[in-house]
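> Next comes upload-v9.txt, compact mmCIF, C-alpha atoms:
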```
# COMPACT_ATOMS: atom_id res chain seq x y z
CA HIS A 1 28.28 -13.75 -29.20
CA ASN A 2 25.09 -13.71 -31.32
CA ASP A 3 23.88 -17.32 -31.21
CA PHE A 4 22.83 -16.99 -34.87
CA ARG A 5 23.73 -19.84 -37.23
CA CYS A 6 23.35 -20.52 -40.95
CA PRO A 7 20.32 -22.83 -41.44
CA CYS A 8 22.27 -24.87 -44.04
CA CYS A 9 25.82 -25.35 -42.71
CA ARG A 10 25.15 -24.38 -39.07
CA ARG A 11 28.15 -22.05 -39.09
CA GLU A 12 27.90 -19.24 -36.56
CA LEU A 13 27.10 -15.93 -38.24
CA LEU A 14 29.36 -13.05 -37.28
CA GLN A 15 28.15 -9.52 -36.69
CA GLN A 16 29.37 -8.40 -40.12
CA ASP A 17 27.44 -11.29 -41.73
CA LEU A 18 24.23 -10.18 -40.04
CA GLU A 19 24.78 -6.55 -41.06
CA ALA A 20 25.20 -7.65 -44.68
CA LEU A 21 22.11 -9.90 -44.69
CA LEU A 22 19.56 -7.86 -42.71
CA ASP A 23 17.67 -4.75 -43.77
CA ASP A 24 17.77 -1.59 -41.65
CA GLU A 25 14.62 -2.42 -39.63
CA ALA A 26 15.70 -5.97 -38.77
CA LEU A 27 19.22 -4.78 -37.96
CA SER A 28 17.84 -2.13 -35.62
CA LYS A 29 15.79 -4.76 -33.77
CA LEU A 30 18.85 -7.00 -33.53
CA ARG A 31 20.97 -4.26 -32.00
CA THR A 32 18.23 -3.45 -29.50
CA ARG A 33 18.09 -7.10 -28.48
CA GLN A 34 21.86 -7.31 -28.16
CA LEU A 35 21.90 -4.21 -25.97
CA GLU A 36 19.16 -5.61 -23.74
CA GLN A 37 21.08 -8.86 -23.31
CA ALA A 38 24.24 -6.94 -22.43
CA VAL A 39 22.39 -4.88 -19.83
CA ILE A 40 20.91 -8.00 -18.21
CA GLN A 41 24.30 -9.72 -17.99
CA ALA A 42 26.32 -6.71 -16.86
CA ASP A 43 26.63 -5.83 -13.17
CA ASP A 44 27.84 -2.29 -13.87
CA ILE A 45 25.00 -1.14 -16.17
CA PHE A 46 21.75 0.17 -14.72
CA ARG A 47 18.61 0.49 -16.81
CA CYS A 48 16.05 3.17 -16.04
CA PRO A 49 13.02 1.57 -14.34
CA THR A 50 10.59 3.88 -16.15
CA PRO A 51 8.44 1.73 -18.49
CA ASP A 52 9.42 2.10 -22.18
CA CYS A 53 12.40 4.32 -21.28
CA ARG A 54 15.74 3.25 -22.77
CA GLY A 55 17.86 5.32 -20.42
CA LEU A 56 21.06 3.60 -19.24
CA VAL A 57 23.91 4.49 -16.94
CA ALA A 58 27.24 2.67 -16.80
CA TRP A 59 29.10 2.80 -13.53
CA SER A 60 32.77 3.68 -13.58
CA GLU A 61 34.97 1.31 -11.63
CA ASP A 62 35.22 3.79 -8.75
CA GLY A 63 31.50 4.49 -8.75
CA PHE A 64 30.54 0.82 -8.73
CA GLU A 65 32.97 0.03 -5.93
CA GLU A 66 31.54 2.95 -3.96
CA LEU A 67 28.02 1.47 -4.21
CA GLN A 68 29.23 -2.01 -3.23
CA SER A 69 31.05 -0.50 -0.25
CA ARG A 70 27.87 1.28 0.83
CA ASP A 71 26.06 -2.04 0.75
CA ARG A 72 28.59 -3.60 3.09
CA VAL A 73 28.78 -0.65 5.48
CA GLY A 74 25.00 -0.24 5.47
CA GLN A 75 24.11 -3.80 6.36
CA GLU A 76 23.39 -2.80 9.98
CA ALA A 77 22.40 0.85 9.71
CA GLY A 78 20.82 0.56 6.25
CA SER A 79 21.88 2.26 3.03
CA ARG A 80 20.36 5.22 1.23
CA GLY A 81 21.70 3.86 -2.05
CA LYS A 82 22.63 6.40 -4.71
CA GLU A 83 20.44 8.82 -6.65
CA TRP A 84 20.47 8.86 -10.46
CA LYS A 85 18.48 11.11 -12.81
CA CYS A 86 17.73 9.65 -16.22
CA GLU A 87 18.70 11.98 -19.07
CA ILE A 88 15.85 10.68 -21.24
CA CYS A 89 12.76 10.65 -19.02
CA ARG A 90 14.22 13.02 -16.37
CA ARG A 91 12.98 10.88 -13.49
CA THR A 92 15.10 9.98 -10.47
CA SER A 93 15.70 6.46 -9.16
CA CYS A 94 17.92 4.60 -6.72
CA LEU A 95 20.85 2.72 -8.23
CA ARG A 96 20.93 0.29 -5.28
CA CYS A 97 17.31 -0.83 -4.95
CA ARG A 98 15.84 0.59 -8.22
CA ALA A 99 13.13 2.50 -6.37
CA GLN A 100 11.50 5.35 -8.29
CA PRO A 101 11.48 8.17 -7.37
CA TYR A 102 14.66 8.18 -5.30
CA HIS A 103 14.05 7.91 -1.53
CA SER A 104 16.07 10.81 -0.18
CA ASP A 105 14.53 10.67 3.30
CA CYS A 106 15.10 7.00 4.16
CA THR A 107 17.22 3.91 3.53
CA CYS A 108 16.50 1.33 0.85
CA GLU A 109 15.22 -1.09 3.48
CA GLU A 110 12.93 1.51 5.05
CA HIS A 111 11.57 2.47 1.63
CA ALA A 112 10.86 -1.18 0.78
CA LYS A 113 8.97 -1.59 4.05
CA ARG A 114 6.97 1.59 3.46
CA SER A 115 6.12 0.51 -0.08
CA ALA A 116 4.88 -2.89 1.10
CA GLU A 117 2.75 -1.31 3.83
CA ASP A 118 1.36 1.25 1.39
CA PHE A 119 0.47 -1.51 -1.09
CA GLU A 120 -1.37 -3.49 1.61
CA ARG A 121 -3.25 -0.38 2.73
CA LYS A 122 -4.35 0.50 -0.81
CA ALA A 123 -5.39 -3.11 -1.46
CA GLU A 124 -7.50 -3.11 1.70
CA GLU A 125 -9.08 0.23 0.74
CA ALA A 126 -9.89 -1.08 -2.74
CA CYS A 127 -11.42 -4.20 -1.20
CA MET A 128 -13.62 -2.12 1.13
CA GLU A 129 -14.72 0.10 -1.76
CA LEU A 130 -15.65 -2.98 -3.79
CA MET A 131 -17.62 -4.42 -0.87
CA GLU A 132 -19.54 -1.19 -0.40
CA ARG A 133 -20.17 -0.67 -4.11
CA GLU A 134 -21.25 -4.23 -4.92
CA GLY A 135 -22.88 -5.07 -1.59
CA TYR A 136 -20.40 -7.82 -0.68
CA GLN A 137 -19.66 -9.04 2.83
CA LYS A 138 -16.44 -10.50 4.20
CA CYS A 139 -16.43 -13.87 5.94
CA LYS A 140 -15.47 -13.26 9.58
CA ARG A 141 -13.42 -16.46 9.73
CA CYS A 142 -11.38 -16.65 6.50
CA GLY A 143 -11.89 -13.14 5.08
CA ILE A 144 -13.13 -14.18 1.62
CA LEU A 145 -15.62 -11.84 -0.09
CA VAL A 146 -19.15 -13.22 -0.28
CA ASP A 147 -21.97 -12.13 -2.58
CA LYS A 148 -25.65 -12.88 -1.99
CA GLU A 149 -27.76 -12.91 -5.14
CA LYS A 150 -31.01 -14.36 -3.79
CA GLY A 151 -32.49 -16.51 -1.04
CA CYS A 152 -32.80 -16.04 2.71
CA ASN A 153 -30.29 -14.42 5.07
CA ASN A 154 -28.68 -17.68 6.22
CA MET A 155 -25.16 -17.73 4.76
CA LEU A 156 -22.56 -20.51 4.64
CA CYS A 157 -19.02 -19.70 3.47
CA SER A 158 -17.99 -22.00 0.64
CA MET A 159 -14.34 -21.64 1.68
CA CYS A 160 -14.34 -22.37 5.44
CA SER A 161 -18.01 -23.32 6.15
CA TYR A 162 -18.52 -20.42 8.57
CA LYS A 163 -22.23 -19.71 9.10
CA TRP A 164 -23.81 -16.32 9.77
CA CYS A 165 -26.83 -14.12 9.18
CA TRP A 166 -26.44 -11.80 6.19
CA ARG A 167 -28.84 -9.25 7.71
CA CYS A 168 -27.51 -8.84 11.26
CA GLY A 169 -24.22 -10.73 11.22
CA ALA A 170 -25.09 -13.19 14.01
CA ALA A 171 -22.84 -16.27 14.04
CA ASP A 172 -24.66 -19.50 13.07
CA ALA A 173 -27.60 -17.20 12.15
CA ALA A 174 -28.72 -17.62 15.78
CA CYS A 175 -31.18 -14.77 15.42
CA ARG A 176 -34.77 -14.17 14.35
CA CYS A 177 -34.05 -12.52 10.99
CA THR A 178 -35.06 -15.66 9.08
CA ALA A 179 -37.66 -18.31 9.83
CA ARG A 180 -36.33 -21.26 11.83
CA THR A 181 -37.40 -23.64 9.08
CA HIS A 182 -34.65 -22.22 6.83
CA GLY A 183 -31.26 -23.92 6.99
CA PHE A 184 -27.92 -23.22 5.29
CA LEU A 185 -27.46 -24.13 1.64
CA ASP A 186 -24.05 -25.63 0.91
CA ASN A 187 -23.27 -24.48 -2.65
CA ARG A 188 -20.67 -27.23 -3.04
CA THR A 189 -22.93 -30.18 -2.21
CA LYS A 190 -26.29 -28.47 -2.76
CA GLN A 191 -27.43 -29.90 0.59
CA VAL A 192 -29.29 -27.92 3.27
CA ILE A 193 -27.71 -27.87 6.75
CA ALA A 194 -30.08 -27.35 9.66
CA ARG A 195 -29.71 -24.28 11.90
CA PRO A 196 -28.57 -24.68 15.52
CA PRO A 197 -31.32 -24.47 18.17
CA VAL A 198 -29.87 -21.44 20.04
CA VAL A 199 -31.65 -18.19 19.28
CA GLN A 200 -30.28 -14.72 19.97
CA THR A 201 -31.98 -11.36 19.62
CA SER A 202 -31.25 -9.70 16.29
CA LYS A 203 -29.17 -6.53 16.38
CA ARG A 204 -31.37 -4.99 13.71
CA LYS A 205 -35.03 -4.25 13.66
CA ARG A 206 -37.06 -6.24 11.26
CA GLY A 207 -38.77 -4.34 8.55
```
Would you write out, as structure tokens, the structure that this file holds?


Amino acid sequence: HNDFRCPCCRRELLQQDLEALLDDEALSKLRTRQLEQAVIQADDIFRCPTPDCRGLVAWSEDGFEELQSRDRVGQEAGSRGKEWKCEICRRTSCLRCRAQPYHSDCTCEEHAKRSAEDFERKAEEACMELMEREGYQKCKRCGILVDKEKGCNNMLCSMCSYKWCWRCGAADAACRCTARTHGFLDNRTKQVIARPPVVQTSKRKRG
């Protein structure tokens, strides 16, 4: 079913009509689109997860039933899926969870958990590298990254209104790093909020 119709009579165009009307380039694009639609709609065709790879594998009836059976049996213990090596890009992947490369040492569920943990770890490492490289600090209450371009050390988080000293990290800037006459500038309202009266000893030496 092509979903192509004549713009004049609205009659559905058959495959042979399209082949007679289109040039080789347009016909090639049409066939690629038809194949992609068939792959999306079919439960027994697996497309290689490698970007830009057109590798496909069609399960036989026995093979597909075997995978479905593994899913049912593995609901409690977990399933290792099934390994497949693409004949085009030569990379391995799992036919059950589409992980690449194939996870031979763990179940699909364990691999998904590992991947999520690894992603969070790398994101945290990238965040710490950015903070160190750009001189950012992280708000101790909400965790948002904060950048100080100019002004005194009294900081007020624009997300959660947490207050601290940029220089020594003291909450409410209850330290001696900045003169007591300096308050906190609220970047949202442009108003200055007075500092609390409690004073603690700074953890850093002035200089």

> Please measure the separation of atom CA of Leu95 of chain A and atom CA of Lys82 of chain A, giving the value in Å to one decimal.

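Separation of atom CA of Leu95 of chain A and atom CA of Lys82 of chain A: 5.4 Å.
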
> Would you mind reading off the distance between atom CA of Leu56 of chain A and atom CA of Ala42 of chain A, one decimal, in Å?

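So the two atoms, atom CA of Leu56 of chain A and atom CA of Ala42 of chain A, lie 11.8 Å apart.
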
> For Gln137 of chain A, list every protein, DNA or RNA residue within 8 Å, evaluated using only C-alpha atoms, and leave out those in the same chain fewer than 6 positions away; present the list as number ranges by chain.

A: 131, 145-147

> Please provide as a list in words all residues within 12 Å of segment 13-21 of chain A, with the sequence filter that same-chain residues fewer than 5 positions apart are discarded (counting only C-alpha atoms).

His1, Asn2, Asp3, Phe4, Arg5, Cys6, Pro7, Cys8, Ala26, Leu27, Ser28, Lys29, Leu30, Arg31 and Gln34 of chain A

> In Å to one decimal, how far is atom CA of Glu87 of chain A from atom CA of Ile40 of chain A?

20.1 Å

> Here is a test: counting all atoms listed in the file, which residue of A:Ala123, A:Ile144, A:Ala58, A:Cys97 is nearest to Asp43 of chain A?

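Between A:Ala123, A:Ile144, A:Ala58, A:Cys97, the residue approaching Asp43 of chain A most closely is A:Ala58.
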
> Do a neighbour search on Asp172 of chain A at 8 Å with all atoms listed in the file, toss out local chain neighbours closer than 4 positions, and write the hits as a list in words.

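Contacts, in chain order: Tyr162, Lys163, Trp164, Cys165, Arg195 and Pro196 of chain A.
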
> Centre and edge lengths, as AutoDock Vina command-line options, for the axis-aligned box enclosing every listed atom of segment 34-41 of chain A with 8 Å of padding on each of the six sides, in Å to one decimal?


```
--center_x 21.7 --center_y -7.0 --center_z -23.1 --size_x 21.1 --size_y 21.5 --size_z 26.2
```

> As a compact mmCIF listing (two decimals) with C-alpha atoms, in the frame of the given file, please: the residues near segment 132-134 of chain A (cut-off 12 Å, only C-alpha atoms, same-chain neighbours under 4 positions excluded).


```
# COMPACT_ATOMS: atom_id res chain seq x y z
CA GLU A 125 -9.08 0.23 0.74
CA ALA A 126 -9.89 -1.08 -2.74
CA CYS A 127 -11.42 -4.20 -1.20
CA MET A 128 -13.62 -2.12 1.13
CA LYS A 138 -16.44 -10.50 4.20
CA LEU A 145 -15.62 -11.84 -0.09
CA VAL A 146 -19.15 -13.22 -0.28
CA ASP A 147 -21.97 -12.13 -2.58
CA LYS A 148 -25.65 -12.88 -1.99
CA GLU A 149 -27.76 -12.91 -5.14
```

> If we draw a sphere of 12 Å around (-33.4, -17.6, -1.5), which residues have at least one atom in it when counting only C-alpha atoms? Please report them as a list of chain:residue names.

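Here is the list of nearby residues: A:Lys148, A:Glu149, A:Lys150, A:Gly151, A:Cys152, A:Asn153, A:Asn154, A:Met155, A:Trp166, A:Thr178, A:His182, A:Gly183, A:Phe184, A:Leu185.
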
> Would you please work out which residue, of A:Leu22, A:Leu35, A:Cys106, A:Cys139, is nearest to Gly169 of chain A when using all atoms listed in the file?

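Closest residue, counting all atoms listed in the file: A:Cys139.
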
> Looking at all atoms listed in the file, which of A:Gly55, A:Gly135, A:Gly143, A:Pro49 is the one that sits closest to Ala99 of chain A?

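The shortest atom-to-atom distance to Ala99 of chain A comes from A:Pro49.
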
> Could you model N, CA and C atoms for segment 100-120 of chain A and present them as a compact mmCIF listing (two decimals), keeping the file's coordinate frame?


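Here's the written file part_1.txt:
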```
# COMPACT_ATOMS: atom_id res chain seq x y z
N GLN A 100 11.76 4.13 -7.52
CA GLN A 100 11.50 5.35 -8.29
C GLN A 100 10.23 6.01 -7.77
N PRO A 101 10.30 7.29 -7.36
CA PRO A 101 11.48 8.17 -7.37
C PRO A 101 12.46 7.82 -6.25
N TYR A 102 13.63 8.46 -6.28
CA TYR A 102 14.66 8.18 -5.30
C TYR A 102 14.18 8.56 -3.90
N HIS A 103 14.49 7.72 -2.92
CA HIS A 103 14.05 7.91 -1.53
C HIS A 103 15.10 8.67 -0.75
N SER A 104 15.05 9.99 -0.82
CA SER A 104 16.07 10.81 -0.18
C SER A 104 15.94 10.87 1.33
N ASP A 105 14.76 10.51 1.86
CA ASP A 105 14.53 10.67 3.30
C ASP A 105 14.64 9.37 4.08
N CYS A 106 15.03 8.27 3.44
CA CYS A 106 15.10 7.00 4.16
C CYS A 106 16.05 6.05 3.45
N THR A 107 16.35 4.93 4.12
CA THR A 107 17.22 3.91 3.53
C THR A 107 16.43 3.06 2.55
N CYS A 108 17.15 2.23 1.81
CA CYS A 108 16.50 1.33 0.85
C CYS A 108 15.58 0.36 1.58
N GLU A 109 16.03 -0.14 2.73
CA GLU A 109 15.22 -1.09 3.48
C GLU A 109 13.96 -0.43 4.02
N GLU A 110 14.10 0.79 4.53
CA GLU A 110 12.93 1.51 5.05
C GLU A 110 11.94 1.81 3.93
N HIS A 111 12.46 2.18 2.77
CA HIS A 111 11.57 2.47 1.63
C HIS A 111 10.82 1.22 1.19
N ALA A 112 11.52 0.07 1.17
CA ALA A 112 10.86 -1.18 0.78
C ALA A 112 9.75 -1.53 1.75
N LYS A 113 9.99 -1.31 3.04
CA LYS A 113 8.97 -1.59 4.05
C LYS A 113 7.77 -0.66 3.89
N ARG A 114 8.05 0.61 3.66
CA ARG A 114 6.97 1.59 3.46
C ARG A 114 6.14 1.22 2.23
N SER A 115 6.82 0.85 1.16
CA SER A 115 6.12 0.51 -0.08
C SER A 115 5.21 -0.69 0.11
N ALA A 116 5.69 -1.70 0.85
CA ALA A 116 4.88 -2.89 1.10
C ALA A 116 3.67 -2.54 1.95
N GLU A 117 3.86 -1.72 2.98
CA GLU A 117 2.75 -1.31 3.83
C GLU A 117 1.74 -0.48 3.06
N ASP A 118 2.25 0.41 2.19
CA ASP A 118 1.36 1.25 1.39
C ASP A 118 0.55 0.41 0.41
N PHE A 119 1.17 -0.62 -0.17
CA PHE A 119 0.47 -1.51 -1.09
C PHE A 119 -0.64 -2.26 -0.37
N GLU A 120 -0.36 -2.77 0.84
CA GLU A 120 -1.37 -3.49 1.61
C GLU A 120 -2.53 -2.57 1.98
```
